[in-house]
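What's in structure.csv: CSV, C-alpha atoms
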```
chain,number,residue,atom,x,y,z
L,1,MET,CA,-7.7,-21.4,4.3
L,2,LYS,CA,-9.1,-23.8,6.9
L,3,ARG,CA,-6.2,-23.0,9.1
L,4,LEU,CA,-6.8,-19.3,8.8
L,5,ALA,CA,-10.4,-19.7,9.6
L,6,HIS,CA,-9.6,-21.8,12.7
L,7,THR,CA,-7.1,-19.2,13.9
L,8,ALA,CA,-9.6,-16.4,13.4
L,9,LEU,CA,-12.3,-18.4,15.2
L,10,ALA,CA,-10.0,-19.0,18.1
L,11,VAL,CA,-9.4,-15.3,18.3
L,12,VAL,CA,-13.1,-14.6,18.5
L,13,LEU,CA,-13.8,-17.2,21.1
L,14,GLY,CA,-10.8,-16.2,23.2
L,15,ALA,CA,-11.9,-12.6,23.1
L,16,GLY,CA,-15.5,-13.5,24.1
L,17,MET,CA,-14.4,-15.4,27.2
L,18,LEU,CA,-12.5,-12.5,28.7
L,19,VAL,CA,-13.8,-10.7,31.8
L,20,VAL,CA,-13.5,-6.9,31.7
L,21,SER,CA,-14.6,-4.7,34.5
L,22,ALA,CA,-18.0,-3.1,34.2
L,23,GLU,CA,-16.5,0.3,34.8
L,24,SER,CA,-14.1,0.1,31.9
L,25,LEU,CA,-16.8,-1.3,29.6
L,26,ALA,CA,-19.2,1.5,30.5
L,27,ALA,CA,-16.5,4.1,29.8
L,28,GLN,CA,-16.0,2.6,26.3
L,29,GLN,CA,-19.6,2.8,25.1
L,30,LYS,CA,-19.1,6.4,23.9
L,31,ALA,CA,-16.3,8.0,22.1
L,32,PRO,CA,-13.6,8.8,23.1
L,33,PRO,CA,-13.0,5.7,25.2
L,34,GLY,CA,-10.2,7.5,27.1
L,35,GLY,CA,-7.5,5.8,29.1
L,36,VAL,CA,-4.8,4.3,26.9
L,37,TYR,CA,-6.9,4.4,23.8
L,38,LYS,CA,-5.8,6.8,21.1
L,39,GLU,CA,-7.7,7.8,18.0
L,40,VAL,CA,-6.1,5.8,15.1
L,41,SER,CA,-6.2,8.8,12.8
L,42,THR,CA,-3.8,10.6,15.2
L,43,LEU,CA,-1.4,7.7,15.1
L,44,VAL,CA,-1.2,6.9,11.4
L,45,PRO,CA,-2.3,8.7,8.2
L,46,LEU,CA,-5.9,7.5,7.9
L,47,PRO,CA,-9.2,9.4,7.7
L,48,SER,CA,-10.9,9.9,11.0
L,49,PHE,CA,-14.0,8.0,9.9
L,50,LEU,CA,-13.4,4.9,7.9
L,51,PRO,CA,-16.4,3.9,5.7
L,52,GLY,CA,-17.7,0.5,6.8
L,53,LEU,CA,-15.9,0.6,10.1
L,54,GLY,CA,-16.4,3.9,11.8
L,55,THR,CA,-14.0,6.0,13.9
L,56,LEU,CA,-11.3,3.7,15.5
L,57,TYR,CA,-9.5,3.9,18.8
L,58,VAL,CA,-6.7,1.6,19.9
L,59,ASP,CA,-4.2,1.1,22.7
L,60,PRO,CA,-0.9,1.4,20.7
L,61,ALA,CA,0.7,-1.2,22.9
L,62,THR,CA,-1.7,-3.8,21.5
L,63,LEU,CA,-0.9,-3.3,17.8
L,64,PRO,CA,-1.5,-4.9,15.4
L,65,ALA,CA,-4.1,-7.2,17.0
L,66,GLY,CA,-6.0,-4.6,19.0
L,67,PRO,CA,-8.8,-4.4,19.8
L,68,PHE,CA,-9.7,-1.4,17.8
L,69,LEU,CA,-12.8,0.1,19.3
L,70,ALA,CA,-15.1,1.4,16.5
L,71,TYR,CA,-17.7,4.1,16.9
L,72,ASP,CA,-20.4,5.4,14.6
L,73,ARG,CA,-20.9,9.0,13.7
L,74,GLN,CA,-22.9,9.6,16.8
L,75,GLY,CA,-20.0,8.4,18.9
L,76,SER,CA,-21.7,5.1,20.0
L,77,LEU,CA,-19.6,1.9,20.2
L,78,VAL,CA,-20.4,-0.4,17.4
L,79,SER,CA,-17.7,-3.0,17.3
L,80,SER,CA,-14.3,-4.3,18.4
L,81,ILE,CA,-11.9,-5.1,15.6
L,82,TYR,CA,-9.0,-7.5,15.8
L,83,MET,CA,-6.4,-7.2,13.0
L,84,ILE,CA,-4.5,-10.5,12.5
L,85,PRO,CA,-1.7,-10.6,9.9
L,86,LEU,CA,-1.6,-13.5,7.6
L,87,THR,CA,2.1,-14.0,8.4
L,88,ASP,CA,1.1,-14.5,12.0
L,89,MET,CA,-1.6,-16.9,11.1
L,90,ASN,CA,0.7,-18.9,8.9
L,91,ALA,CA,3.2,-19.0,11.7
L,92,ARG,CA,0.4,-20.4,13.9
L,93,LYS,CA,0.8,-17.5,16.3
L,94,GLY,CA,-1.8,-17.4,19.0
L,95,PHE,CA,-3.6,-14.3,20.3
L,96,THR,CA,-5.1,-14.7,23.8
L,97,GLY,CA,-6.4,-12.3,26.4
L,98,LEU,CA,-7.7,-9.8,23.9
L,99,LYS,CA,-10.0,-7.3,25.4
L,100,VAL,CA,-13.6,-6.7,24.4
L,101,GLY,CA,-15.6,-3.5,24.2
L,102,HIS,CA,-19.1,-4.7,25.2
L,103,GLU,CA,-20.6,-7.6,27.2
L,104,ARG,CA,-22.8,-8.9,24.4
L,105,ALA,CA,-22.0,-9.4,20.7
L,106,ASP,CA,-24.6,-9.3,17.9
L,107,HIS,CA,-22.6,-11.0,15.1
L,108,VAL,CA,-19.1,-11.4,13.8
L,109,ASP,CA,-17.5,-10.6,10.4
L,110,ILE,CA,-14.1,-12.0,9.4
L,111,VAL,CA,-12.9,-10.2,6.3
L,112,TYR,CA,-9.6,-10.1,4.4
L,113,ASN,CA,-7.8,-6.7,4.1
L,114,ALA,CA,-4.9,-6.1,1.8
L,115,GLY,CA,-3.3,-3.7,4.3
L,116,HIS,CA,-3.4,0.0,5.4
L,117,PRO,CA,-1.2,2.4,7.4
L,118,GLY,CA,-0.6,0.8,10.8
L,119,VAL,CA,-0.9,-2.8,9.6
L,120,ALA,CA,0.8,-2.5,6.2
L,121,GLU,CA,0.5,-6.2,5.3
L,122,PRO,CA,-2.3,-8.5,4.3
L,123,HIS,CA,-4.4,-9.4,7.3
L,124,TYR,CA,-7.8,-10.4,8.5
L,125,HIS,CA,-10.2,-8.1,10.3
L,126,VAL,CA,-12.1,-10.0,12.9
L,127,ILE,CA,-15.0,-7.7,13.7
L,128,VAL,CA,-17.1,-8.4,16.7
L,129,TRP,CA,-20.2,-6.3,16.2
L,130,TYR,CA,-22.4,-5.0,19.0
L,131,VAL,CA,-25.1,-3.7,16.7
L,132,SER,CA,-27.3,-5.4,14.1
L,133,PRO,CA,-26.2,-6.0,10.5
L,134,ASP,CA,-28.6,-3.3,9.4
L,135,ARG,CA,-27.1,-0.8,11.7
L,136,ALA,CA,-23.6,-1.9,10.8
L,137,ALA,CA,-24.5,-1.3,7.1
L,138,THR,CA,-25.2,2.4,7.8
L,139,LEU,CA,-21.5,2.9,8.5
L,140,ALA,CA,-20.8,2.5,4.8
L,141,LYS,CA,-22.2,6.0,4.2
K,142,MET,CA,-6.3,32.9,4.3
K,143,ARG,CA,-7.1,29.2,4.4
K,144,ASP,CA,-4.6,26.6,5.2
K,145,PRO,CA,-3.3,24.8,2.1
K,146,SER,CA,-5.1,21.5,1.7
K,147,ARG,CA,-3.3,18.2,1.5
K,148,ARG,CA,-4.3,18.1,-2.1
K,149,ASP,CA,-2.7,21.5,-2.8
K,150,PHE,CA,0.4,20.4,-1.1
K,151,ILE,CA,0.6,17.2,-3.0
K,152,ARG,CA,0.1,19.0,-6.3
K,153,VAL,CA,3.0,21.4,-5.6
K,154,GLY,CA,5.2,18.7,-4.2
K,155,GLY,CA,4.4,16.5,-7.2
K,156,LEU,CA,5.1,19.1,-9.8
K,157,ALA,CA,8.3,19.9,-8.1
K,158,LEU,CA,9.5,16.3,-8.5
K,159,VAL,CA,11.2,15.8,-11.8
K,160,GLY,CA,13.0,12.7,-12.8
K,161,VAL,CA,16.7,13.2,-13.2
K,162,GLY,CA,17.9,11.6,-16.4
K,163,PHE,CA,20.6,12.0,-18.9
K,164,ALA,CA,20.1,14.6,-21.6
K,165,SER,CA,18.9,13.2,-24.9
K,166,GLY,CA,20.2,16.2,-26.9
K,167,ARG,CA,16.7,16.8,-28.2
K,168,PRO,CA,14.1,19.1,-26.6
K,169,ALA,CA,11.4,17.3,-24.9
K,170,ARG,CA,8.0,17.5,-26.5
K,171,ALA,CA,5.1,18.5,-24.4
K,172,ALA,CA,3.5,15.2,-23.5
K,173,ALA,CA,0.0,14.5,-22.5
K,174,LEU,CA,-0.7,14.0,-18.8
K,175,GLU,CA,-1.1,10.3,-18.1
K,176,VAL,CA,-3.3,9.2,-15.2
K,177,ILE,CA,-2.8,6.1,-13.1
K,178,GLU,CA,-5.7,5.4,-10.7
K,179,MET,CA,-5.1,4.0,-7.2
K,180,ARG,CA,-8.0,1.7,-6.6
K,181,SER,CA,-9.6,-0.6,-4.0
K,182,ASP,CA,-12.8,-2.5,-3.5
K,183,PRO,CA,-15.0,-1.4,-0.6
K,184,LEU,CA,-13.6,-4.0,1.8
K,185,GLY,CA,-10.0,-3.0,1.2
K,186,ALA,CA,-9.4,-6.6,0.2
K,187,ARG,CA,-8.4,-6.0,-3.4
K,188,VAL,CA,-6.1,-3.0,-4.3
K,189,TRP,CA,-4.5,-2.1,-7.6
K,190,PHE,CA,-3.0,0.5,-9.9
K,191,ASP,CA,-4.9,1.1,-13.1
K,192,PRO,CA,-3.2,0.8,-15.5
K,193,ILE,CA,-0.6,-1.4,-14.0
K,194,GLY,CA,1.6,-1.1,-17.0
K,195,LEU,CA,2.2,2.0,-19.0
K,196,PHE,CA,4.5,3.1,-21.9
K,197,VAL,CA,5.2,6.8,-22.2
K,198,GLN,CA,7.8,9.0,-23.9
K,199,PRO,CA,10.6,10.8,-22.1
K,200,GLY,CA,9.3,14.0,-20.4
K,201,ALA,CA,5.8,12.6,-19.8
K,202,THR,CA,4.1,13.5,-16.5
K,203,VAL,CA,2.2,10.8,-14.8
K,204,ARG,CA,-0.5,11.7,-12.3
K,205,PHE,CA,-1.3,9.1,-9.6
K,206,VAL,CA,-4.9,9.7,-8.3
K,207,VAL,CA,-6.5,8.0,-5.3
K,208,ARG,CA,-10.0,6.8,-6.1
K,209,GLU,CA,-10.6,4.7,-2.9
K,210,ASN,CA,-8.7,3.7,0.2
K,211,VAL,CA,-5.3,5.1,1.3
K,212,HIS,CA,-2.3,4.6,-0.9
K,213,THR,CA,1.2,5.7,-1.8
K,214,THR,CA,3.1,5.6,-5.0
K,215,THR,CA,6.7,4.9,-4.2
K,216,ALA,CA,9.6,4.1,-6.5
K,217,TYR,CA,11.6,0.9,-6.1
K,218,HIS,CA,14.8,2.5,-4.9
K,219,PRO,CA,17.2,1.9,-2.0
K,220,LYS,CA,16.4,5.4,-0.6
K,221,ASN,CA,12.8,4.1,-0.1
K,222,ASP,CA,13.2,1.8,2.8
K,223,HIS,CA,16.0,-0.3,1.2
K,224,HIS,CA,13.9,-1.4,-1.7
K,225,PRO,CA,15.9,-2.7,-4.6
K,226,LEU,CA,16.9,-0.3,-7.4
K,227,ARG,CA,14.3,-0.8,-10.2
K,228,ILE,CA,14.3,2.6,-11.9
K,229,PRO,CA,17.0,3.9,-14.2
K,230,GLU,CA,20.4,4.7,-12.7
K,231,GLY,CA,20.6,8.3,-11.8
K,232,ALA,CA,16.8,8.9,-11.9
K,233,ALA,CA,15.3,10.6,-8.9
K,234,PRO,CA,13.3,8.3,-6.7
K,235,TRP,CA,9.8,9.4,-5.6
K,236,ASP,CA,7.6,8.7,-2.6
K,237,SER,CA,4.3,10.4,-2.5
K,238,GLY,CA,3.7,9.7,1.2
K,239,TYR,CA,0.2,8.6,2.2
K,240,LEU,CA,-2.6,9.9,0.0
K,241,VAL,CA,-5.6,9.7,2.2
K,242,LYS,CA,-8.7,11.2,0.5
K,243,PRO,CA,-10.3,10.3,-2.9
K,244,GLY,CA,-9.0,12.8,-5.4
K,245,ASP,CA,-5.6,13.3,-3.7
K,246,HIS,CA,-2.9,13.0,-6.3
K,247,PHE,CA,0.8,13.1,-6.9
K,248,ASP,CA,2.6,14.0,-10.1
K,249,VAL,CA,5.9,12.5,-11.4
K,250,THR,CA,7.7,13.7,-14.5
K,251,LEU,CA,9.9,11.0,-16.0
K,252,THR,CA,12.8,12.1,-18.2
K,253,ALA,CA,15.3,9.2,-18.1
K,254,PRO,CA,14.5,6.4,-20.5
K,255,GLY,CA,14.0,3.0,-19.0
K,256,VAL,CA,11.8,0.9,-16.8
K,257,TYR,CA,10.3,2.3,-13.6
K,258,ASP,CA,8.8,-0.1,-11.1
K,259,TYR,CA,6.9,1.3,-8.1
K,260,TYR,CA,4.7,0.1,-5.3
K,261,CYS,CA,2.2,1.2,-2.7
K,262,VAL,CA,3.7,1.1,0.8
K,263,PRO,CA,0.8,-0.4,2.8
K,264,HIS,CA,-0.2,-2.7,-0.1
K,265,GLU,CA,3.1,-3.9,-1.6
K,266,ALA,CA,2.9,-7.3,0.1
K,267,ALA,CA,-0.6,-7.7,-1.3
K,268,GLY,CA,0.8,-7.1,-4.8
K,269,MET,CA,-0.1,-3.4,-5.4
K,270,VAL,CA,2.7,-2.5,-7.8
K,271,GLY,CA,3.1,-1.0,-11.2
K,272,ARG,CA,5.5,-0.5,-14.1
K,273,ILE,CA,6.2,2.4,-16.4
K,274,ILE,CA,8.4,2.2,-19.4
K,275,VAL,CA,9.8,5.5,-20.6
K,276,GLY,CA,11.0,5.5,-24.2
K,277,ARG,CA,12.7,2.1,-24.2
K,278,PRO,CA,13.0,-0.9,-21.9
K,279,ALA,CA,16.4,-0.6,-20.2
K,280,GLY,CA,18.0,-0.2,-16.8
K,281,PRO,CA,17.7,-2.1,-13.6
K,282,GLY,CA,13.9,-2.4,-13.9
K,283,ALA,CA,14.4,-4.5,-17.0
K,284,GLN,CA,16.5,-7.0,-15.1
K,285,PRO,CA,15.4,-10.0,-13.2
K,286,PHE,CA,14.0,-9.2,-9.7
K,287,ASP,CA,17.1,-10.5,-7.9
K,288,TYR,CA,19.8,-9.2,-10.3
K,289,TRP,CA,21.5,-7.4,-7.4
K,290,MET,CA,22.1,-10.4,-5.2
K,291,GLY,CA,25.7,-10.7,-4.1
K,292,ARG,CA,26.7,-7.2,-5.2
K,293,PRO,CA,28.5,-5.0,-2.7
K,294,GLY,CA,26.3,-2.4,-1.0
K,295,THR,CA,23.1,-4.3,-1.4
K,296,GLU,CA,23.2,-6.2,1.8
K,297,ARG,CA,20.2,-4.3,3.3
K,298,TRP,CA,18.1,-4.4,0.1
K,299,LYS,CA,14.7,-6.1,0.4
K,300,HIS,CA,13.3,-8.6,-2.0
K,301,VAL,CA,10.3,-7.8,-4.1
K,302,PRO,CA,7.4,-9.7,-2.5
K,303,ASP,CA,6.0,-12.7,-4.3
K,304,ALA,CA,2.6,-11.1,-4.9
K,305,ALA,CA,4.3,-8.1,-6.5
K,306,ARG,CA,6.4,-10.3,-8.8
K,307,ARG,CA,3.3,-12.1,-10.0
K,308,ASN,CA,1.4,-8.9,-10.7
K,309,LEU,CA,3.9,-6.8,-12.5
K,310,PRO,CA,3.3,-7.1,-16.3
K,311,SER,CA,6.3,-8.1,-18.4
K,312,VAL,CA,8.3,-5.5,-20.2
K,313,SER,CA,7.5,-7.1,-23.5
K,314,ARG,CA,3.8,-6.9,-22.9
K,315,ILE,CA,3.9,-3.2,-22.0
K,316,VAL,CA,6.0,-2.5,-25.1
K,317,ALA,CA,3.5,-4.3,-27.2
K,318,GLU,CA,0.2,-3.0,-25.6
K,319,ARG,CA,1.4,0.4,-24.3
K,320,ARG,CA,-1.3,0.3,-21.6
K,321,VAL,CA,-1.9,-2.8,-19.5
K,322,ARG,CA,-5.0,-3.1,-17.3
K,323,PRO,CA,-4.8,-5.0,-14.1
K,324,ARG,CA,-6.4,-8.4,-13.7
K,325,THR,CA,-8.6,-7.7,-10.7
K,326,GLN,CA,-12.2,-7.9,-9.7
K,327,PRO,CA,-13.8,-6.9,-6.4
K,328,LEU,CA,-13.7,-9.6,-3.8
K,329,ARG,CA,-17.0,-11.4,-3.2
K,330,GLN,CA,-18.1,-12.9,0.0
K,331,GLY,CA,-16.6,-16.4,0.3
K,332,ASP,CA,-13.7,-15.6,-2.0
K,333,HIS,CA,-10.2,-16.3,-0.9
K,334,PRO,CA,-7.8,-13.5,-1.7
```
If you took the structure in this file and wrote it as structure tokens, what would it be?
Amino acid sequence: MKRLAHTALAVVLGAGMLVVSAESLAAQQKAPPGGVYKEVSTLVPLPSFLPGLGTLYVDPATLPAGPFLAYDRQGSLVSSIYMIPLTDMNARKGFTGLKVGHERADHVDIVYNAGHPGVAEPHYHVIVWYVSPDRAATLAK
Amino acid sequence: MRDPSRRDFIRVGGLALVGVGFASGRPARAAALEVIEMRSDPLGARVWFDPIGLFVQPGATVRFVVRENVHTTTAYHPKNDHHPLRIPEGAAPWDSGYLVKPGDHFDVTLTAPGVYDYYCVPHEAAGMVGRIIVGRPAGPGAQPFDYWMGRPGTERWKHVPDAARRNLPSVSRIVAERRVRPRTQPLRQGDHP
């Protein structure tokens, strides 16, 4: 468990240190982010809006790690999600150079997920939130 | 005219799927519809079929219903992505495809006696599997998980994941209890899966 947590933390820290152009960040603040990003529900059989997470977009070339850019029902960016399979963690695989969706994070959640279309194996969601916990909680509805 | 909904499509597809078994020589009795729920906690961290073990009579129709998350019900059969044969020889394998919305469902009518093991495609590695016994415990599903090792034609078959092996209730328990509930509780913050 400690090794998993260390790996997840390394992912978060690595992502936070990246430099992304101001133009590309600005373009990602509202859905759709455009460019190489595709709505996840058009790539795999998932609902467009995922309770607790929002509407997700991803560059398919970055699967499974992502980032998945998540938007609320108003189309505002709320988080970047990195999906890290347990098999990769146990193999001590590193994930570096991951992009971010916003310059400043509010908080981070690291939660286990049993799998879903697109990442059909147990993995961790490393969620870098750009909104407060209260606002993030509204995504559950 | 509205487009048929996914739920409508699934209902038609499900009812069209009938297990192919050997004739028993007796007319099948109309059996009650058995329901197996496809569940998840809010985080998607714990997923399960409920019941995870079920005993039915030949001819019974089993309805798989999504309550939360996205699931499939998929028979252990080489036609399903090279999974090992764990349903009766000659029985038709099923694969619901992804059931995306709460209430989506898929029906399977099971006529051939024996053990039927099945899994959820995105959650098999996490141990989301189930077992149905139709009439009597027999067939490949009643055999040990690796019974097929070394047999010709099985080179591409995949092994049942460890979590799935741990979760499947024993044949003897299903025969004794008829309906086995899963051992699962929603994951709490700080828990390790």
Exercise answer, chain L residues close to chain K, 7 Å and all atoms listed in the file, as a PyMOL selection string: chain L and resi 45-47+112-117+120-122
Contacts of Ser76 of chain L at 12 Å (only C-alpha atoms; same-chain gap of 2+ positions) as a ChimeraX atom specification: /L:26-33,54-56,69-74,78-79,101-102,130-131,135-136,139
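Across the structure, atom CA of Asp109 of chain L and atom CA of His125 of chain L are spaced 7.7 Å apart.
Across the model, the gap from atom CA of Ser313 of chain K to atom CA of His218 of chain K is 22.2 Å.
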Straight-line distance linking atom CA of Tyr57 of chain L with atom CA of Val111 of chain L, stated in Å to one decimal: 19.1 Å
Using only C-alpha atoms: which of K:Val176, K:Val270, K:Met290, K:Val203 has the shortest distance to Thr215 of chain K: K:Val270
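Shortest atom-to-atom contact with Asp258 of chain K among K:Gly280, K:Gly271, K:Pro219, K:Gly294: K:Gly271, counting all atoms listed in the file.
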